[in-house]
Amino acid sequence: METKEKIILTGDRPTGRLHIGHYVGSLRRRVELQNSGLYDKIFIFEADAQALTDNIENPEKVRQNVIEVALDYLSVGLDPSKSTLFIQSQIPELCELSFYYMDLVSVSRLQRNPTVKTELQMRNFSGGTPVGFFTYPISQAADITAFKATTVPVGEDQEPMLEQCREIVRRFNFIYGDTLVEPEILLPENAACLRLPGTDGKAKMSKSLGNCIYLSDTADEVAKKVKTMYTDPTHLQVSDPGHLEGNTVFTYLDAFATDEQVARLLPDYQSLQEMKDHYTRGGLGDVKCKKLLTAILQETLEPIRQRRAMYERDIPAVYEILRKGCEVARAAAAETMDEVRRAMKINYFEDQALIEEQARRFASKN
């Protein structure tokens, strides 16, 4: 279906505070896109219903983190006057749309989805996979298409989900006519931002592994975490040649540092590349590198911490922002649902032609 509007839809599961991996992977880009003026509408949501699929016995975890994620959103610069911030569970149309999409996707197709496979391995459900979790790609397709999103900014690990969404859109439009919008993926531009490793060098930041730097961490907590960060285990002496690959400090510098910051904070170098060259030759110690990273992270996080402190002083106002966002989002989703019901011919009470046709049919019997 053709659409003149450019619309973004993206979000997060509220299962914990957001960390700097979320920031470089999606949040920073969302703020840039929000302020670019290139998009007509931006919808950013907390996928609490999705979070419950593997936290159903611990709803308080999700409930408590809804406000934490909202504070993270606002503190990084997402602006409710430019972006609609809302909560998934408060938009019942998403459940209805998911239900209809379930008839367009086979069980075997879901089983082949690489993202689903990976997530199932990570969760290792002892009592069997919950149906709600298994059908996550269908739910995600409903989230995207309910708002007629043309663009979905996500990490590369979500590409299979977007492809599944496009399949659903094509099948629906083939059966019922041109109704849904097919979305495009928008990947991070900086390769270092695709997946920021944990501070321990593990592939992914994870609350359970305790290797995250949170956006809400204090300056002392950030400094302490950088101090113990994984570097190059073969770089034992300052004079030793160092390796950049797998070195978490340099991965973070790639994601956060600008040449201007490096030159200002370490006048011996005019760029990050100069510093890297020195490290690989030997003669540059890990402590100095970590001090630079700490300074750069503090410059990035301090304004975020200040904004968060401001919003924390009026939590009812934050809930009001979410409530108003839910109203806007529900109106948009309801409009799409009207079009979907009309296409599927299940808009019985609005279909005056159907009522009149049936009236004539039964009148002819008498």
# chains A, B, ... in the order shown; residues from 1 in each chain; ligands from 1
$ residues_around --residues "Met337 of chain A" --least-positions-apart "6" --cutoff "12 Å" --atoms "only C-alpha atoms" --output "mmCIF file with N, CA, C and O atoms, in the first residue's frame"
data_model
loop_
_atom_site.group_PDB
_atom_site.id
_atom_site.type_symbol
_atom_site.label_atom_id
_atom_site.label_comp_id
_atom_site.auth_asym_id
_atom_site.auth_seq_id
_atom_site.Cartn_x
_atom_site.Cartn_y
_atom_site.Cartn_z
ATOM 1 N N ILE A 91 -2.999 -0.668 24.186
ATOM 2 C CA ILE A 91 -3.561 -0.540 22.836
ATOM 3 C C ILE A 91 -4.165 -1.899 22.459
ATOM 4 O O ILE A 91 -3.506 -2.741 21.828
ATOM 5 N N PRO A 92 -5.412 -2.179 22.851
ATOM 6 C CA PRO A 92 -6.015 -3.499 22.613
ATOM 7 C C PRO A 92 -6.115 -3.884 21.139
ATOM 8 O O PRO A 92 -6.177 -5.068 20.803
ATOM 9 N N GLU A 93 -6.112 -2.889 20.251
ATOM 10 C CA GLU A 93 -6.168 -3.184 18.818
ATOM 11 C C GLU A 93 -4.996 -4.060 18.373
ATOM 12 O O GLU A 93 -5.112 -4.816 17.405
ATOM 13 N N LEU A 94 -3.877 -3.965 19.074
ATOM 14 C CA LEU A 94 -2.700 -4.756 18.712
ATOM 15 C C LEU A 94 -2.959 -6.247 18.911
ATOM 16 O O LEU A 94 -2.486 -7.078 18.140
ATOM 17 N N CYS A 95 -3.724 -6.578 19.954
ATOM 18 C CA CYS A 95 -4.069 -7.986 20.199
ATOM 19 C C CYS A 95 -4.989 -8.506 19.100
ATOM 20 O O CYS A 95 -4.814 -9.625 18.600
ATOM 21 N N GLU A 96 -5.950 -7.700 18.714
ATOM 22 C CA GLU A 96 -6.890 -8.115 17.667
ATOM 23 C C GLU A 96 -6.160 -8.343 16.348
ATOM 24 O O GLU A 96 -6.366 -9.351 15.670
ATOM 25 N N LEU A 97 -5.270 -7.421 16.006
ATOM 26 C CA LEU A 97 -4.528 -7.535 14.755
ATOM 27 C C LEU A 97 -3.626 -8.769 14.778
ATOM 28 O O LEU A 97 -3.534 -9.505 13.786
ATOM 29 N N SER A 98 -2.978 -9.019 15.909
ATOM 30 C CA SER A 98 -2.126 -10.216 16.051
ATOM 31 C C SER A 98 -2.935 -11.480 15.803
ATOM 32 O O SER A 98 -2.468 -12.418 15.148
ATOM 33 N N TYR A 100 -5.584 -11.964 13.950
ATOM 34 C CA TYR A 100 -5.868 -12.171 12.522
ATOM 35 C C TYR A 100 -4.611 -12.600 11.765
ATOM 36 O O TYR A 100 -4.670 -13.436 10.863
ATOM 37 N N ALA A 142 2.178 -6.888 14.086
ATOM 38 C CA ALA A 142 0.985 -6.104 14.436
ATOM 39 C C ALA A 142 1.391 -4.724 14.954
ATOM 40 O O ALA A 142 0.797 -3.699 14.578
ATOM 41 N N ASP A 143 2.419 -4.692 15.814
ATOM 42 C CA ASP A 143 2.900 -3.407 16.343
ATOM 43 C C ASP A 143 3.300 -2.470 15.204
ATOM 44 O O ASP A 143 2.963 -1.289 15.212
ATOM 45 N N THR A 145 2.609 -2.644 11.811
ATOM 46 C CA THR A 145 1.609 -2.305 10.787
ATOM 47 C C THR A 145 0.423 -1.519 11.341
ATOM 48 O O THR A 145 -0.224 -0.780 10.592
ATOM 49 N N ALA A 146 0.155 -1.649 12.632
ATOM 50 C CA ALA A 146 -0.969 -0.897 13.216
ATOM 51 C C ALA A 146 -0.741 0.600 13.087
ATOM 52 O O ALA A 146 -1.697 1.380 12.999
ATOM 53 N N PHE A 147 0.529 1.004 13.056
ATOM 54 C CA PHE A 147 0.846 2.426 12.969
ATOM 55 C C PHE A 147 1.343 2.826 11.581
ATOM 56 O O PHE A 147 1.879 3.911 11.389
ATOM 57 N N LYS A 148 1.194 1.882 10.622
ATOM 58 C CA LYS A 148 1.584 2.125 9.234
ATOM 59 C C LYS A 148 3.035 2.579 9.125
ATOM 60 O O LYS A 148 3.389 3.468 8.339
ATOM 61 N N THR A 179 -3.936 -2.867 1.723
ATOM 62 C CA THR A 179 -4.384 -2.289 2.985
ATOM 63 C C THR A 179 -3.222 -1.911 3.896
ATOM 64 O O THR A 179 -3.197 -0.819 4.471
ATOM 65 N N LEU A 180 -2.243 -2.806 4.022
ATOM 66 C CA LEU A 180 -1.143 -2.615 4.973
ATOM 67 C C LEU A 180 0.091 -2.020 4.305
ATOM 68 O O LEU A 180 0.313 -2.207 3.109
ATOM 69 N N ARG A 330 -3.520 4.845 20.349
ATOM 70 C CA ARG A 330 -4.726 4.041 20.194
ATOM 71 C C ARG A 330 -5.598 4.578 19.058
ATOM 72 O O ARG A 330 -6.197 3.795 18.304
ATOM 73 N N ALA A 331 -5.652 5.876 18.924
ATOM 74 C CA ALA A 331 -6.440 6.468 17.830
ATOM 75 C C ALA A 331 -5.873 6.041 16.479
ATOM 76 O O ALA A 331 -6.625 5.698 15.551
ATOM 77 N N ALA A 343 -11.443 -4.473 5.004
ATOM 78 C CA ALA A 343 -10.809 -5.317 3.989
ATOM 79 C C ALA A 343 -11.186 -6.783 4.179
ATOM 80 O O ALA A 343 -11.414 -7.509 3.207
ATOM 81 N N MET A 344 -11.257 -7.221 5.449
ATOM 82 C CA MET A 344 -11.575 -8.621 5.758
ATOM 83 C C MET A 344 -13.078 -8.902 5.748
ATOM 84 O O MET A 344 -13.501 -10.034 5.956
ATOM 85 N N LYS A 345 -13.844 -7.838 5.539
ATOM 86 C CA LYS A 345 -15.315 -7.929 5.490
ATOM 87 C C LYS A 345 -15.903 -8.443 6.805
ATOM 88 O O LYS A 345 -16.833 -9.246 6.841
ATOM 89 N N ILE A 346 -15.332 -7.950 7.926
ATOM 90 C CA ILE A 346 -15.894 -8.296 9.238
ATOM 91 C C ILE A 346 -16.377 -7.024 9.948
ATOM 92 O O ILE A 346 -16.534 -7.002 11.165
ATOM 93 N N ASN A 347 -16.616 -5.979 9.161
ATOM 94 C CA ASN A 347 -17.161 -4.729 9.715
ATOM 95 C C ASN A 347 -18.682 -4.736 9.562
ATOM 96 O O ASN A 347 -19.276 -3.847 8.968
#
$ residues_around --residues "segment 266-275 of chain A" --least-positions-apart "6" --cutoff "12 Å" --atoms "only C-alpha atoms" --output "PyMOL selection string"
chain A and resi 242+244+250-260+281-286+288-293+295-296
$ write_last_selection --atoms "C-alpha atoms" --output "CSV table (one decimal), in the first residue's frame"
chain,number,residue,atom,x,y,z
A,242,GLY,CA,48.4,-4.1,22.1
A,244,LEU,CA,42.4,-3.8,19.2
A,250,PHE,CA,38.5,0.3,22.1
A,251,THR,CA,35.2,-1.0,21.0
A,252,TYR,CA,33.5,1.5,23.3
A,253,LEU,CA,35.8,4.3,22.1
A,254,ASP,CA,34.8,3.5,18.5
A,255,ALA,CA,31.1,3.8,19.6
A,256,PHE,CA,31.4,7.0,21.7
A,257,ALA,CA,34.6,8.9,21.0
A,258,THR,CA,35.0,11.7,18.4
A,259,ASP,CA,38.4,12.9,17.2
A,260,GLU,CA,37.7,16.3,18.8
A,281,ARG,CA,52.9,-0.3,18.4
A,282,GLY,CA,53.3,-0.5,22.1
A,283,GLY,CA,54.0,2.3,24.6
A,284,LEU,CA,50.4,3.2,25.6
A,285,GLY,CA,49.0,1.7,28.7
A,286,ASP,CA,45.5,0.4,29.4
A,288,LYS,CA,45.5,5.8,30.2
A,289,CYS,CA,43.0,4.4,27.6
A,290,LYS,CA,40.5,3.6,30.3
A,291,LYS,CA,40.8,7.2,31.8
A,292,LEU,CA,40.0,8.6,28.3
A,293,LEU,CA,37.0,6.3,27.9
A,295,ALA,CA,36.0,11.0,30.6
A,296,ILE,CA,34.2,10.5,27.3
$ select_by_dssp --residues "segment 55-124 of chain A" --states "helix (DSSP H, G or I)" --output "VMD selection string"
chain A and resid 59 to 76 88 to 90 93 to 104 107 to 112 114 to 123
$ residues_around --residues "Leu78 of chain A" --least-positions-apart "3" --cutoff "12 Å" --atoms "only C-alpha atoms" --output "ChimeraX atom specification"
/A:23,26-35,42-45,69-75,81-85,304,307-308,321
$ atom_distance --atom1 "atom CA of Asp48 of chain A" --atom2 "atom CA of Cys326 of chain A"
13.0 Å
$ residues_around --residues "Lys224 of chain A" --least-positions-apart "5" --cutoff "12 Å" --atoms "only C-alpha atoms" --output "ChimeraX atom specification"
/A:199,211-213,217-219,229,290-291,293-294
$ atom_distance --atom1 "atom CA of Asp200 of chain A" --atom2 "atom CA of Asp157 of chain A"
21.2 Å
$ closest_residue --among "A:Glu221, A:Asp79, A:Asp12, A:Asp277" --to "His243 of chain A" --atoms "only C-alpha atoms"
A:Asp277
$ closest_residue --among "A:Asn58, A:Phe86, A:Phe172, A:Thr53" --to "Met102 of chain A" --atoms "only C-alpha atoms"
A:Phe172
$ atom_distance --atom1 "atom CA of Leu186 of chain A" --atom2 "atom CA of Leu297 of chain A"
25.3 Å
$ select_by_dssp --residues "segment 6-253 of chain A" --states "strand (DSSP E)" --output "VMD selection string"
chain A and resid 7 to 12 41 to 46 84 to 87 151 to 153 184 to 186
$ closest_residue --among "A:Phe134, A:Phe349, A:Tyr39, A:Tyr230" --to "Gly201 of chain A" --atoms "only C-alpha atoms"
A:Tyr230
$ decode --residues "segment 305-342 of chain A" --atoms "C-alpha atoms" --output "CSV table (one decimal), in the first residue's frame"
chain,number,residue,atom,x,y,z
A,305,ARG,CA,21.7,12.0,34.3
A,306,GLN,CA,20.7,15.6,34.8
A,307,ARG,CA,17.5,15.3,32.7
A,308,ARG,CA,16.6,12.1,34.4
A,309,ALA,CA,16.9,13.8,37.8
A,310,MET,CA,14.6,16.5,36.6
A,311,TYR,CA,11.9,14.0,35.5
A,312,GLU,CA,12.3,11.9,38.6
A,313,ARG,CA,11.1,14.9,40.6
A,314,ASP,CA,7.6,14.6,39.1
A,315,ILE,CA,6.8,11.0,38.4
A,316,PRO,CA,3.0,11.6,38.0
A,317,ALA,CA,3.9,13.9,35.1
A,318,VAL,CA,5.8,11.1,33.4
A,319,TYR,CA,2.8,8.8,33.7
A,320,GLU,CA,0.7,11.6,32.2
A,321,ILE,CA,3.1,11.8,29.2
A,322,LEU,CA,2.6,8.0,28.7
A,323,ARG,CA,-1.1,8.2,29.1
A,324,LYS,CA,-1.4,10.9,26.5
A,325,GLY,CA,0.9,9.0,24.2
A,326,CYS,CA,-1.4,5.9,24.6
A,327,GLU,CA,-4.4,8.0,23.6
A,328,VAL,CA,-2.6,9.2,20.4
A,329,ALA,CA,-1.4,5.7,19.6
A,330,ARG,CA,-4.7,4.0,20.2
A,331,ALA,CA,-6.4,6.5,17.8
A,332,ALA,CA,-3.9,5.6,15.1
A,333,ALA,CA,-4.2,1.9,15.7
A,334,ALA,CA,-8.0,2.1,15.7
A,335,GLU,CA,-8.0,3.8,12.3
A,336,THR,CA,-5.9,0.9,10.9
A,337,MET,CA,-8.1,-1.7,12.5
A,338,ASP,CA,-11.2,-0.1,10.8
A,339,GLU,CA,-9.4,-0.5,7.4
A,340,VAL,CA,-8.4,-4.1,8.3
A,341,ARG,CA,-11.9,-5.1,9.3
A,342,ARG,CA,-13.3,-3.5,6.2
